[in-house]
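A short write-up of the structure that comes next.
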Amino acid sequence: MEFEYKRKMNYYETDRMGIIHHSNYIRFLEEARCAWMEKFNLPMQKLEENGITIPTLEVNCKYKHHVTSGDIITIKPIVTEFNGVRMTLTYDVREEKTGNTVIQAYTKHCFTNRELRPINLRKHNIEFFNKFQSLLEN
C-alpha cells in the first residue's frame, strides 16, 4: 500500500553551506514512518497502549542529492521485510520539483514488550501482526 509523506525543508535545518544538515534525515525518516503508521491505524500510542514498542536497531543512509531551505521532499516508506519479530523499511526519498533521489535509506526495527524484550507480534497481537503483514511489499 503506497503512502507519501511530504515535508518542506526549514532554514534552521541547514548547515553553514546552506544545505540541509545530514543528521536531519534520520528525523525525517521517523516522521514519515510515524505518519505512515497512523495512516494505517497503527499509531505508536495505540501500540504502546497494548504493551508494544518498536525500537530502531539500525539506520542506513546514503546521501545522493542535497536539498535546501524551502525545498519539499517526498518520503515513501516501504516494508521490505517482516516476520513478526523484526521489520525493515526502505525509503524512497525524492525532491519534489526535480524528482532527484535525495537519499537511499533503510531502517531495521524489532517489536518488544514494555521491558524491551523481543516479542513475536503474531503471538502477542494477531491484529497488529496482520496489519503489518498486509503492508509487506512482495
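By order in the C-alpha cells, chains are A, B, ...; within a chain, residues start at 1; ligands start at 1, following the order shown.
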**OP:** Excluding Met44 of chain A and any residue of its chain fewer than 6 positions from it, enumerate the residues within 8 Å of it, using only C-alpha atoms, and give them as number ranges by chain.
**Re:** A: 34, 37-38, 53
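The protein and nucleic acid residues lying at most 9 Å from segment 63-70 of chain A are Lys8, Met9, Asn10, Tyr11, Tyr12, Glu13, Thr14, Gly18, Ile19, Ile20, His22, Cys61, Ile72, Ile73, Arg94, Glu95, Asn100, Thr101, Val102, Ile103, Gln104 and Ala105 of chain A, with only C-alpha atoms considered and sequence neighbours fewer than 2 positions away removed.
Separating atom CA of Leu89 of chain A from atom CA of Leu47 of chain A is a distance of 17.7 Å.
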Subject >> Test item, strand (DSSP E) assignment across chain A, answer as a count of residues only >> reply: 43
Original post:
How many Å separate atom CA of Arg86 of chain A from atom CA of His21 of chain A?
Top reply: 29.4 Å
Find the residues near Phe132 of chain A: any atom within 10 Å, counting only C-alpha atoms, skip ones fewer than 4 places away on the same chain, and give them as a PDB file with all heavy atoms, in the first residue's frame.
```pdb
ATOM      1  N   MET A  37       2.404   4.897   9.849  1.00  0.00           N
ATOM      2  CA  MET A  37       1.735   4.004  10.794  1.00  0.00           C
ATOM      3  C   MET A  37       0.370   4.552  11.194  1.00  0.00           C
ATOM      4  O   MET A  37      -0.596   3.789  11.314  1.00  0.00           O
ATOM      5  CB  MET A  37       2.626   3.773  12.016  1.00  0.00           C
ATOM      6  CG  MET A  37       3.831   2.901  11.675  1.00  0.00           C
ATOM      7  SD  MET A  37       5.010   2.717  13.024  1.00  0.00           S
ATOM      8  CE  MET A  37       4.006   1.998  14.287  1.00  0.00           C
ATOM      9  N   PHE A  40      -2.305   3.877   8.554  1.00  0.00           N
ATOM     10  CA  PHE A  40      -2.792   2.506   8.521  1.00  0.00           C
ATOM     11  C   PHE A  40      -3.290   2.031   9.889  1.00  0.00           C
ATOM     12  O   PHE A  40      -3.296   0.844  10.182  1.00  0.00           O
ATOM     13  CB  PHE A  40      -1.719   1.588   7.937  1.00  0.00           C
ATOM     14  CG  PHE A  40      -1.440   1.908   6.499  1.00  0.00           C
ATOM     15  CD1 PHE A  40      -0.248   2.506   6.130  1.00  0.00           C
ATOM     16  CD2 PHE A  40      -2.393   1.677   5.523  1.00  0.00           C
ATOM     17  CE1 PHE A  40      -0.003   2.833   4.805  1.00  0.00           C
ATOM     18  CE2 PHE A  40      -2.161   2.003   4.198  1.00  0.00           C
ATOM     19  CZ  PHE A  40      -0.965   2.579   3.833  1.00  0.00           C
ATOM     20  N   LEU A  42      -2.104   2.282  12.913  1.00  0.00           N
ATOM     21  CA  LEU A  42      -1.112   1.661  13.792  1.00  0.00           C
ATOM     22  C   LEU A  42      -0.287   2.723  14.512  1.00  0.00           C
ATOM     23  O   LEU A  42       0.937   2.633  14.554  1.00  0.00           O
ATOM     24  CB  LEU A  42      -0.180   0.755  12.973  1.00  0.00           C
ATOM     25  CG  LEU A  42      -0.792  -0.506  12.393  1.00  0.00           C
ATOM     26  CD1 LEU A  42       0.092  -1.064  11.290  1.00  0.00           C
ATOM     27  CD2 LEU A  42      -1.019  -1.539  13.476  1.00  0.00           C
ATOM     28  N   VAL A  79       7.650  -1.402   3.551  1.00  0.00           N
ATOM     29  CA  VAL A  79       8.067  -2.566   4.347  1.00  0.00           C
ATOM     30  C   VAL A  79       8.640  -3.589   3.380  1.00  0.00           C
ATOM     31  O   VAL A  79       7.935  -4.086   2.502  1.00  0.00           O
ATOM     32  CB  VAL A  79       6.884  -3.178   5.127  1.00  0.00           C
ATOM     33  CG1 VAL A  79       7.356  -4.402   5.916  1.00  0.00           C
ATOM     34  CG2 VAL A  79       6.256  -2.165   6.056  1.00  0.00           C
ATOM     35  N   PHE A  82       9.433  -8.433   6.999  1.00  0.00           N
ATOM     36  CA  PHE A  82       8.606  -8.503   8.203  1.00  0.00           C
ATOM     37  C   PHE A  82       8.377  -9.967   8.547  1.00  0.00           C
ATOM     38  O   PHE A  82       7.962 -10.746   7.684  1.00  0.00           O
ATOM     39  CB  PHE A  82       7.257  -7.807   7.984  1.00  0.00           C
ATOM     40  CG  PHE A  82       6.308  -7.989   9.132  1.00  0.00           C
ATOM     41  CD1 PHE A  82       6.470  -7.263  10.303  1.00  0.00           C
ATOM     42  CD2 PHE A  82       5.264  -8.898   9.055  1.00  0.00           C
ATOM     43  CE1 PHE A  82       5.604  -7.445  11.375  1.00  0.00           C
ATOM     44  CE2 PHE A  82       4.395  -9.082  10.112  1.00  0.00           C
ATOM     45  CZ  PHE A  82       4.562  -8.358  11.277  1.00  0.00           C
ATOM     46  N   ASN A  83       8.692 -10.324   9.790  1.00  0.00           N
ATOM     47  CA  ASN A  83       8.462 -11.699  10.213  1.00  0.00           C
ATOM     48  C   ASN A  83       7.727 -11.792  11.561  1.00  0.00           C
ATOM     49  O   ASN A  83       7.627 -12.871  12.137  1.00  0.00           O
ATOM     50  CB  ASN A  83       9.775 -12.490  10.268  1.00  0.00           C
ATOM     51  CG  ASN A  83      10.725 -11.973  11.338  1.00  0.00           C
ATOM     52  OD1 ASN A  83      10.375 -11.148  12.171  1.00  0.00           O
ATOM     53  ND2 ASN A  83      11.960 -12.467  11.302  1.00  0.00           N
ATOM     54  N   GLY A  84       7.250 -10.658  12.045  1.00  0.00           N
ATOM     55  CA  GLY A  84       6.545 -10.657  13.324  1.00  0.00           C
ATOM     56  C   GLY A  84       7.428 -10.283  14.497  1.00  0.00           C
ATOM     57  O   GLY A  84       6.936  -9.834  15.533  1.00  0.00           O
ATOM     58  N   MET A  87      11.354  -6.020  11.488  1.00  0.00           N
ATOM     59  CA  MET A  87      10.792  -5.364  10.313  1.00  0.00           C
ATOM     60  C   MET A  87      11.854  -4.438   9.728  1.00  0.00           C
ATOM     61  O   MET A  87      12.575  -3.765  10.457  1.00  0.00           O
ATOM     62  CB  MET A  87       9.559  -4.559  10.738  1.00  0.00           C
ATOM     63  CG  MET A  87       8.947  -3.710   9.662  1.00  0.00           C
ATOM     64  SD  MET A  87       7.384  -2.939  10.165  1.00  0.00           S
ATOM     65  CE  MET A  87       7.921  -1.808  11.456  1.00  0.00           C
ATOM     66  N   LEU A 121       5.027 -10.680  17.291  1.00  0.00           N
ATOM     67  CA  LEU A 121       3.759  -9.974  17.159  1.00  0.00           C
ATOM     68  C   LEU A 121       2.610 -10.928  16.819  1.00  0.00           C
ATOM     69  O   LEU A 121       1.483 -10.720  17.245  1.00  0.00           O
ATOM     70  CB  LEU A 121       3.893  -8.892  16.079  1.00  0.00           C
ATOM     71  CG  LEU A 121       3.004  -7.673  16.178  1.00  0.00           C
ATOM     72  CD1 LEU A 121       3.079  -7.021  17.551  1.00  0.00           C
ATOM     73  CD2 LEU A 121       3.363  -6.674  15.102  1.00  0.00           C
ATOM     74  N   ILE A 126      -2.351 -10.624  17.202  1.00  0.00           N
ATOM     75  CA  ILE A 126      -2.542 -11.063  15.817  1.00  0.00           C
ATOM     76  C   ILE A 126      -3.116  -9.965  14.937  1.00  0.00           C
ATOM     77  O   ILE A 126      -2.803  -9.885  13.747  1.00  0.00           O
ATOM     78  CB  ILE A 126      -3.406 -12.355  15.749  1.00  0.00           C
ATOM     79  CG1 ILE A 126      -3.360 -12.982  14.351  1.00  0.00           C
ATOM     80  CG2 ILE A 126      -4.838 -12.060  16.177  1.00  0.00           C
ATOM     81  CD1 ILE A 126      -2.027 -13.537  13.960  1.00  0.00           C
ATOM     82  N   GLU A 127      -3.926  -9.067  15.504  1.00  0.00           N
ATOM     83  CA  GLU A 127      -4.485  -7.956  14.725  1.00  0.00           C
ATOM     84  C   GLU A 127      -3.368  -7.061  14.189  1.00  0.00           C
ATOM     85  O   GLU A 127      -3.341  -6.718  13.001  1.00  0.00           O
ATOM     86  CB  GLU A 127      -5.443  -7.128  15.583  1.00  0.00           C
ATOM     87  CG  GLU A 127      -5.976  -5.901  14.882  1.00  0.00           C
ATOM     88  CD  GLU A 127      -6.728  -4.946  15.818  1.00  0.00           C
ATOM     89  OE1 GLU A 127      -6.967  -5.286  16.987  1.00  0.00           O
ATOM     90  OE2 GLU A 127      -7.048  -3.840  15.354  1.00  0.00           O
ATOM     91  N   PHE A 128      -2.429  -6.687  15.056  1.00  0.00           N
ATOM     92  CA  PHE A 128      -1.309  -5.854  14.628  1.00  0.00           C
ATOM     93  C   PHE A 128      -0.414  -6.622  13.643  1.00  0.00           C
ATOM     94  O   PHE A 128       0.064  -6.068  12.665  1.00  0.00           O
ATOM     95  CB  PHE A 128      -0.489  -5.371  15.809  1.00  0.00           C
ATOM     96  CG  PHE A 128      -1.217  -4.403  16.705  1.00  0.00           C
ATOM     97  CD1 PHE A 128      -0.851  -4.266  18.033  1.00  0.00           C
ATOM     98  CD2 PHE A 128      -2.268  -3.623  16.242  1.00  0.00           C
ATOM     99  CE1 PHE A 128      -1.505  -3.373  18.868  1.00  0.00           C
ATOM    100  CE2 PHE A 128      -2.938  -2.735  17.071  1.00  0.00           C
ATOM    101  CZ  PHE A 128      -2.548  -2.607  18.390  1.00  0.00           C
ATOM    102  N   LEU A 136       3.534  -5.475   3.862  1.00  0.00           N
ATOM    103  CA  LEU A 136       4.781  -6.012   3.321  1.00  0.00           C
ATOM    104  C   LEU A 136       4.725  -6.021   1.798  1.00  0.00           C
ATOM    105  O   LEU A 136       3.793  -6.548   1.203  1.00  0.00           O
ATOM    106  CB  LEU A 136       5.007  -7.444   3.841  1.00  0.00           C
ATOM    107  CG  LEU A 136       6.235  -8.185   3.338  1.00  0.00           C
ATOM    108  CD1 LEU A 136       7.523  -7.473   3.760  1.00  0.00           C
ATOM    109  CD2 LEU A 136       6.224  -9.617   3.869  1.00  0.00           C
TER     110      LEU A 136
END
```
**OP:** Quick one: everything within 12 Å of Tyr5 of chain A, counting only C-alpha atoms, minus sequence neighbours fewer than 5 positions away in the same chain. Send it as a PyMOL selection string.
**Re:** chain A and resi 28-39+72-78+91-96
Using only N, CA, C and O atoms, please write the residues we just selected to a file, as a short mmCIF file (atom, residue, chain, number, x, y, z; two decimals), in the first residue's frame.
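See selection-v3.cif below for the written result:
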```
data_model
loop_
_atom_site.label_atom_id
_atom_site.label_comp_id
_atom_site.auth_asym_id
_atom_site.auth_seq_id
_atom_site.Cartn_x
_atom_site.Cartn_y
_atom_site.Cartn_z
N PHE A 28 13.60 12.92 9.67
CA PHE A 28 12.61 12.93 8.59
C PHE A 28 12.07 11.51 8.35
O PHE A 28 10.88 11.33 8.11
N LEU A 29 12.96 10.51 8.40
CA LEU A 29 12.51 9.13 8.22
C LEU A 29 11.55 8.72 9.32
O LEU A 29 10.53 8.07 9.06
N GLU A 30 11.86 9.11 10.56
CA GLU A 30 10.97 8.77 11.66
C GLU A 30 9.63 9.49 11.55
O GLU A 30 8.57 8.89 11.80
N GLU A 31 9.65 10.75 11.15
CA GLU A 31 8.39 11.48 10.93
C GLU A 31 7.53 10.74 9.90
O GLU A 31 6.33 10.55 10.11
N ALA A 32 8.15 10.34 8.81
CA ALA A 32 7.42 9.64 7.74
C ALA A 32 6.90 8.29 8.24
O ALA A 32 5.76 7.92 7.95
N ARG A 33 7.74 7.57 8.98
CA ARG A 33 7.33 6.25 9.49
C ARG A 33 6.14 6.39 10.45
O ARG A 33 5.18 5.62 10.36
N CYS A 34 6.17 7.37 11.34
CA CYS A 34 5.06 7.57 12.28
C CYS A 34 3.79 7.99 11.55
O CYS A 34 2.70 7.50 11.87
N ALA A 35 3.90 8.86 10.55
CA ALA A 35 2.73 9.28 9.78
C ALA A 35 2.17 8.09 8.99
O ALA A 35 0.94 7.92 8.89
N TRP A 36 3.05 7.26 8.45
CA TRP A 36 2.65 6.05 7.72
C TRP A 36 1.89 5.10 8.64
O TRP A 36 0.83 4.58 8.28
N MET A 37 2.40 4.90 9.85
CA MET A 37 1.74 4.00 10.79
C MET A 37 0.37 4.55 11.19
O MET A 37 -0.60 3.79 11.31
N GLU A 38 0.27 5.86 11.39
CA GLU A 38 -1.03 6.46 11.71
C GLU A 38 -2.02 6.27 10.57
O GLU A 38 -3.19 5.97 10.80
N LYS A 39 -1.55 6.44 9.34
CA LYS A 39 -2.42 6.28 8.17
C LYS A 39 -3.06 4.89 8.13
O LYS A 39 -4.20 4.73 7.74
N ILE A 72 10.88 20.85 -1.00
CA ILE A 72 9.94 19.87 -0.45
C ILE A 72 10.42 18.49 -0.87
O ILE A 72 10.73 18.25 -2.04
N ILE A 73 10.49 17.59 0.13
CA ILE A 73 10.84 16.21 -0.17
C ILE A 73 9.61 15.33 0.03
O ILE A 73 8.73 15.65 0.82
N THR A 74 9.58 14.25 -0.71
CA THR A 74 8.54 13.23 -0.58
C THR A 74 9.21 11.95 -0.11
O THR A 74 10.19 11.51 -0.72
N ILE A 75 8.68 11.38 0.97
CA ILE A 75 9.24 10.15 1.54
C ILE A 75 8.18 9.06 1.44
O ILE A 75 7.06 9.24 1.91
N LYS A 76 8.56 7.94 0.84
CA LYS A 76 7.67 6.78 0.74
C LYS A 76 8.28 5.62 1.52
O LYS A 76 9.23 5.00 1.06
N PRO A 77 7.75 5.34 2.73
CA PRO A 77 8.22 4.17 3.47
C PRO A 77 7.64 2.89 2.86
O PRO A 77 6.47 2.87 2.47
N ILE A 78 8.46 1.86 2.77
CA ILE A 78 8.05 0.58 2.19
C ILE A 78 8.55 -0.54 3.08
O ILE A 78 9.76 -0.62 3.35
N TYR A 91 13.15 3.43 2.18
CA TYR A 91 12.52 4.73 1.95
C TYR A 91 12.92 5.26 0.59
O TYR A 91 14.11 5.32 0.27
N ASP A 92 11.93 5.65 -0.19
CA ASP A 92 12.16 6.34 -1.44
C ASP A 92 12.02 7.83 -1.10
O ASP A 92 10.92 8.29 -0.77
N VAL A 93 13.13 8.56 -1.13
CA VAL A 93 13.13 9.97 -0.73
C VAL A 93 13.56 10.81 -1.93
O VAL A 93 14.69 10.70 -2.40
N ARG A 94 12.64 11.66 -2.39
CA ARG A 94 12.90 12.46 -3.59
C ARG A 94 12.57 13.93 -3.36
O ARG A 94 11.68 14.26 -2.58
N GLU A 95 13.28 14.78 -4.09
CA GLU A 95 12.98 16.21 -4.10
C GLU A 95 11.80 16.38 -5.04
O GLU A 95 11.78 15.85 -6.15
N GLU A 96 10.78 17.10 -4.57
CA GLU A 96 9.52 17.16 -5.29
C GLU A 96 9.63 17.77 -6.69
O GLU A 96 9.07 17.24 -7.66
#
```
Original post:
Got a sec: who's within 9 Å of Gly51 of chain A, counting only C-alpha atoms, leaving out chain neighbours fewer than 4 positions off, as an NGL selection string?
Top reply: :A and (46-47 or 112-114)
**OP:** Output as a ChimeraX atom specification all residues of segment 35-71 of chain A that backbone DSSP marks as helix (DSSP H, G or I).
**Re:** /A:35-39,44-49
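Atom CA of Lys108 of chain A is found 6.6 Å from atom CA of Val59 of chain A.
Considering only C-alpha atoms, the residue among A:Ile119, A:Leu135, A:Val85, A:Cys110 positioned nearest to Ile54 of chain A is A:Cys110.
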